[in-house]
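Accompanying notes for the structure given below.
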2 protein chains.
Amino acid sequence: MRADAARNRTRLLEAAARLVAEHGPEQLTMEAVATAASVGKGTVFRRFGDRNGLLMALLDHSERLYQESFLSGPPPLGPGAPPVERLKAFGLATLEHLAAHRGLLLEAEPEACERHLAPPRRLRVAHVVTLLREAGTDGDAELLAQTLTGYLDVALVHHLTRQRGMSSKRLEAGWLDLVARITRG
Amino acid sequence: MRADAARNRTRLLEAAARLVAEHGPEQLTMEAVATAASVGKGTVFRRFGDRNGLLMALLDHSERLYQESFLSGPPPLGPGAPPVERLKAFGLATLEHLAAHRGLLLEAEPEACERHLAPPRRLRVAHVVTLLREAGTDGDAELLAQTLTGYLDVALVHHLTRQRGMSSKRLEAGWLDLVARITRG
């Protein structure tokens with residue numbers, strides 16, 4: 001029964017994720033998720049409470065998949081590749097994650113005083129610190145990690161792509177160049 | 001009369017700035033500013049409307065002084081010094097500006113979608129782009145400038161100094177090291 005419930009929840013989240021990917025988060029309704037997953041609307045409400053609950057569960061679900069990919073997924077993103085290669089792959093995967101969930105991430109962004117305490121951001125910084133140390137990069141690993149993760153910020157990516165019209169290719173090239181400058185030491 | 005009004009306004013703002021520097025923005029009252037500037041409380045209200053108006057005028061005043069210092073002040077911050085020296089001085093001056101007005105800047109921070117459109121931030125990015133180009137730094141000057149100004153972010157500085165207990169000396173050393181890595185090309 002428990003495993004069933006978890007499976008159903010995942011199925012609803014995957015349906016919701018597809019809808020957001022196709023139409024953006026603004027268009028997501030409880031009804032559309034119910035239809036896409038072939039369940040009654042009541043099931044969606046019972047599971048997530050309301051639309052906001054669904055959006056937060058969706059973000060949490062995507063964040064978990066993304067975290068698994070760099071913590072324990074296949075190389076070069078996961079363990080097994082040289083640290084600088086993992087760092088490069090990490091930034092590219094993060095830019096993709098930010099682009100895919102931009103709308104939700106912008107809405108859910110913590111206010112200034114809390115922003116850097118949010119667990120997803122702290123995990124990213126800690127991961128980059130680990131890779132910089134493994135790579136033997138000289139200097140203040142924590143501050144260098146803050147600089148690198150600062151490039152992977154949803155408000156910045158939003159500005160550069162939507163307000164300045166930069167391509168994601170350009171942002172990716174900028175990341176690879178930044179990693180090279182920082183790790184050259 | 002006009003010059004008199006401007007002088008009086010400046011005198012009130014300087015009194016308010018001293019009070020904020022000594023006791024923090026939370027403690028600032030219209031009455032305290034009046035007393036410190038030896039004027040009636042009514043004068044302060046007529047000039048700034050309310051406490052929030054005073055705080056915004058104060059921030060604007062400090063921002064203007066800070067901008068003048070790197071646009072037209074004496075070298076190495078202002079024109080006349082080599083571009084990399086100006087860049088180093090710019091970061092140190094910005095860290096000092098952020099530390100001095102941290103409380104107000106955190107309160108006044110624009111939300112995620114608007115953050116990078118705010119004129120003070122755009123001016124900082126443009127200034128760094130100019131210095132990187134003058135220094136002949138190879139690579140994508142705009143993205144490198146975003147990375148450098150990203151280090152000079154009030155929410156990050158707040159986190160590192162107040163929530164992580166890092167000294168301002170350490171942040172300053174981190175800035176000088178970052179400039180060296182970025183401009184080495």
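By order in the structure tokens, chains are A, B, ...; within a chain, residues start at 1; ligands start at 1, following the order shown.
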
message = With only C-alpha atoms considered, list every residue of chain B at most 7 Å from chain A, as JSON, numbers by chain.
response = {"B": [106, 112, 113, 116, 140, 143, 147, 150, 151, 155, 156, 159, 174, 181, 182]}

Export of prior selection with C-alpha atoms as a PDB file, in the first residue's frame:
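Okay, this is what ended up in again05.pdb:
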```
ATOM      1  CA  LEU B 106      18.988  43.926   2.291  1.00  0.00           C
ATOM      2  CA  ALA B 112      14.519  37.954  -8.319  1.00  0.00           C
ATOM      3  CA  CYS B 113      13.076  38.977 -11.724  1.00  0.00           C
ATOM      4  CA  HIS B 116      19.664  42.575 -12.260  1.00  0.00           C
ATOM      5  CA  ASP B 140      33.549  37.076 -22.581  1.00  0.00           C
ATOM      6  CA  LEU B 143      30.002  37.211 -18.294  1.00  0.00           C
ATOM      7  CA  THR B 147      30.952  36.830 -12.059  1.00  0.00           C
ATOM      8  CA  GLY B 150      28.322  38.565  -8.237  1.00  0.00           C
ATOM      9  CA  TYR B 151      31.008  38.374  -5.552  1.00  0.00           C
ATOM     10  CA  ALA B 155      23.022  38.909   0.316  1.00  0.00           C
ATOM     11  CA  LEU B 156      26.252  36.941  -0.173  1.00  0.00           C
ATOM     12  CA  HIS B 159      25.730  35.356   4.594  1.00  0.00           C
ATOM     13  CA  GLY B 174      39.149  36.642  -1.817  1.00  0.00           C
ATOM     14  CA  ARG B 181      42.487  34.653 -11.642  1.00  0.00           C
ATOM     15  CA  ILE B 182      39.987  36.371 -13.935  1.00  0.00           C
TER      16      ILE B 182
END
```

ask   = Where in chain A does DSSP assign alpha helix (DSSP H), given as a PyMOL selection string?
value = chain A and resi 2-23+30-36+41-48+51-71+83-100+102-108+119-134+141-151+154-158+168-184

For C-alpha atoms, I'd like the residues from the last selection saved as a tab-separated table (two decimals), in the first residue's frame.
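selection.tsv was written with the following content:
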```
chain	number	residue	atom	x	y	z
A	2	ARG	CA	2.81	2.40	0.94
A	3	ALA	CA	4.80	1.55	-2.16
A	4	ASP	CA	1.62	2.05	-4.19
A	5	ALA	CA	1.11	5.50	-2.70
A	6	ALA	CA	4.69	6.49	-3.48
A	7	ARG	CA	4.33	5.19	-7.05
A	8	ASN	CA	1.10	7.13	-7.53
A	9	ARG	CA	2.65	10.28	-6.17
A	10	THR	CA	5.61	9.92	-8.54
A	11	ARG	CA	3.24	9.29	-11.45
A	12	LEU	CA	1.31	12.50	-10.66
A	13	LEU	CA	4.55	14.49	-10.32
A	14	GLU	CA	5.86	13.17	-13.62
A	15	ALA	CA	2.60	14.15	-15.33
A	16	ALA	CA	2.83	17.61	-13.74
A	17	ALA	CA	6.49	17.95	-14.79
A	18	ARG	CA	5.57	17.15	-18.41
A	19	LEU	CA	2.79	19.76	-18.34
A	20	VAL	CA	5.13	22.42	-16.91
A	21	ALA	CA	7.80	21.59	-19.48
A	22	GLU	CA	5.24	21.96	-22.29
A	23	HIS	CA	3.17	24.94	-21.13
A	30	MET	CA	-4.89	20.47	-10.57
A	31	GLU	CA	-7.43	19.40	-13.18
A	32	ALA	CA	-4.86	19.21	-15.99
A	33	VAL	CA	-2.63	16.98	-13.82
A	34	ALA	CA	-5.59	14.72	-13.01
A	35	THR	CA	-6.46	14.40	-16.70
A	36	ALA	CA	-2.85	13.80	-17.76
A	41	LYS	CA	-9.28	15.63	-9.56
A	42	GLY	CA	-9.96	14.69	-5.90
A	43	THR	CA	-6.91	12.42	-5.91
A	44	VAL	CA	-4.64	15.31	-6.89
A	45	PHE	CA	-6.12	17.55	-4.19
A	46	ARG	CA	-5.83	14.82	-1.53
A	47	ARG	CA	-2.19	14.26	-2.44
A	48	PHE	CA	-0.92	17.88	-2.67
A	51	ARG	CA	-1.86	24.15	-6.48
A	52	ASN	CA	0.95	25.70	-4.47
A	53	GLY	CA	1.53	22.37	-2.67
A	54	LEU	CA	1.75	20.68	-6.05
A	55	LEU	CA	4.26	23.25	-7.35
A	56	MET	CA	6.48	22.87	-4.28
A	57	ALA	CA	6.31	19.05	-4.48
A	58	LEU	CA	7.25	19.31	-8.14
A	59	LEU	CA	10.24	21.51	-7.42
A	60	ASP	CA	11.32	19.19	-4.62
A	61	HIS	CA	11.01	16.19	-6.95
A	62	SER	CA	13.15	17.83	-9.68
A	63	GLU	CA	15.70	19.04	-7.14
A	64	ARG	CA	16.05	15.47	-5.82
A	65	LEU	CA	16.63	13.99	-9.29
A	66	TYR	CA	19.16	16.73	-10.05
A	67	GLN	CA	20.99	16.17	-6.74
A	68	GLU	CA	21.13	12.41	-7.30
A	69	SER	CA	22.65	12.99	-10.73
A	70	PHE	CA	25.73	14.77	-9.37
A	71	LEU	CA	26.01	12.90	-6.05
A	83	PRO	CA	37.27	16.51	-10.39
A	84	VAL	CA	37.63	19.32	-12.95
A	85	GLU	CA	35.60	17.28	-15.47
A	86	ARG	CA	32.94	16.74	-12.81
A	87	LEU	CA	32.94	20.47	-12.05
A	88	LYS	CA	32.42	21.32	-15.72
A	89	ALA	CA	29.59	18.79	-15.99
A	90	PHE	CA	28.07	20.04	-12.73
A	91	GLY	CA	27.73	23.60	-14.04
A	92	LEU	CA	26.21	22.47	-17.34
A	93	ALA	CA	23.71	20.22	-15.51
A	94	THR	CA	22.85	23.06	-13.11
A	95	LEU	CA	22.28	25.55	-15.94
A	96	GLU	CA	19.94	22.99	-17.52
A	97	HIS	CA	18.12	22.43	-14.20
A	98	LEU	CA	17.72	26.20	-13.72
A	99	ALA	CA	16.43	26.69	-17.26
A	100	ALA	CA	13.93	23.83	-16.92
A	102	ARG	CA	13.15	28.86	-13.99
A	103	GLY	CA	9.58	30.01	-13.34
A	104	LEU	CA	9.11	27.91	-10.19
A	105	LEU	CA	12.59	28.67	-8.86
A	106	LEU	CA	12.10	32.43	-9.31
A	107	GLU	CA	8.76	32.27	-7.48
A	108	ALA	CA	10.17	30.14	-4.65
A	119	PRO	CA	19.66	23.57	1.63
A	120	PRO	CA	19.84	23.24	-2.20
A	121	ARG	CA	22.26	26.16	-2.42
A	122	ARG	CA	24.35	24.93	0.51
A	123	LEU	CA	24.62	21.50	-1.10
A	124	ARG	CA	25.83	23.06	-4.36
A	125	VAL	CA	28.49	25.11	-2.56
A	126	ALA	CA	29.63	22.06	-0.54
A	127	HIS	CA	29.82	19.94	-3.71
A	128	VAL	CA	31.96	22.55	-5.49
A	129	VAL	CA	34.23	22.93	-2.43
A	130	THR	CA	34.80	19.15	-2.47
A	131	LEU	CA	35.64	19.10	-6.18
A	132	LEU	CA	37.99	22.11	-5.89
A	133	ARG	CA	39.85	20.40	-3.04
A	134	GLU	CA	40.03	17.11	-4.95
A	141	ALA	CA	38.12	26.97	-1.70
A	142	GLU	CA	34.99	28.23	0.05
A	143	LEU	CA	35.11	31.68	-1.52
A	144	LEU	CA	35.99	30.24	-4.94
A	145	ALA	CA	33.03	27.86	-4.57
A	146	GLN	CA	30.75	30.81	-3.78
A	147	THR	CA	31.94	32.54	-6.93
A	148	LEU	CA	31.37	29.46	-9.07
A	149	THR	CA	27.90	28.73	-7.65
A	150	GLY	CA	27.09	32.45	-7.94
A	151	TYR	CA	27.29	32.00	-11.72
A	154	VAL	CA	18.45	31.49	-11.25
A	155	ALA	CA	17.95	35.28	-11.06
A	156	LEU	CA	21.17	35.82	-13.00
A	157	VAL	CA	20.34	33.15	-15.60
A	158	HIS	CA	16.86	34.69	-15.97
A	168	SER	CA	22.28	29.07	-23.29
A	169	LYS	CA	25.30	28.07	-25.46
A	170	ARG	CA	26.98	31.33	-24.45
A	171	LEU	CA	26.24	30.74	-20.76
A	172	GLU	CA	27.65	27.21	-21.03
A	173	ALA	CA	30.84	28.47	-22.70
A	174	GLY	CA	31.11	31.12	-19.95
A	175	TRP	CA	30.92	28.38	-17.31
A	176	LEU	CA	33.64	26.25	-18.89
A	177	ASP	CA	35.88	29.32	-19.22
A	178	LEU	CA	35.23	30.30	-15.59
A	179	VAL	CA	36.11	26.80	-14.33
A	180	ALA	CA	39.36	26.95	-16.33
A	181	ARG	CA	40.33	30.35	-14.85
A	182	ILE	CA	39.45	29.37	-11.28
A	183	THR	CA	41.10	25.94	-11.27
A	184	ARG	CA	44.26	26.97	-13.13
```
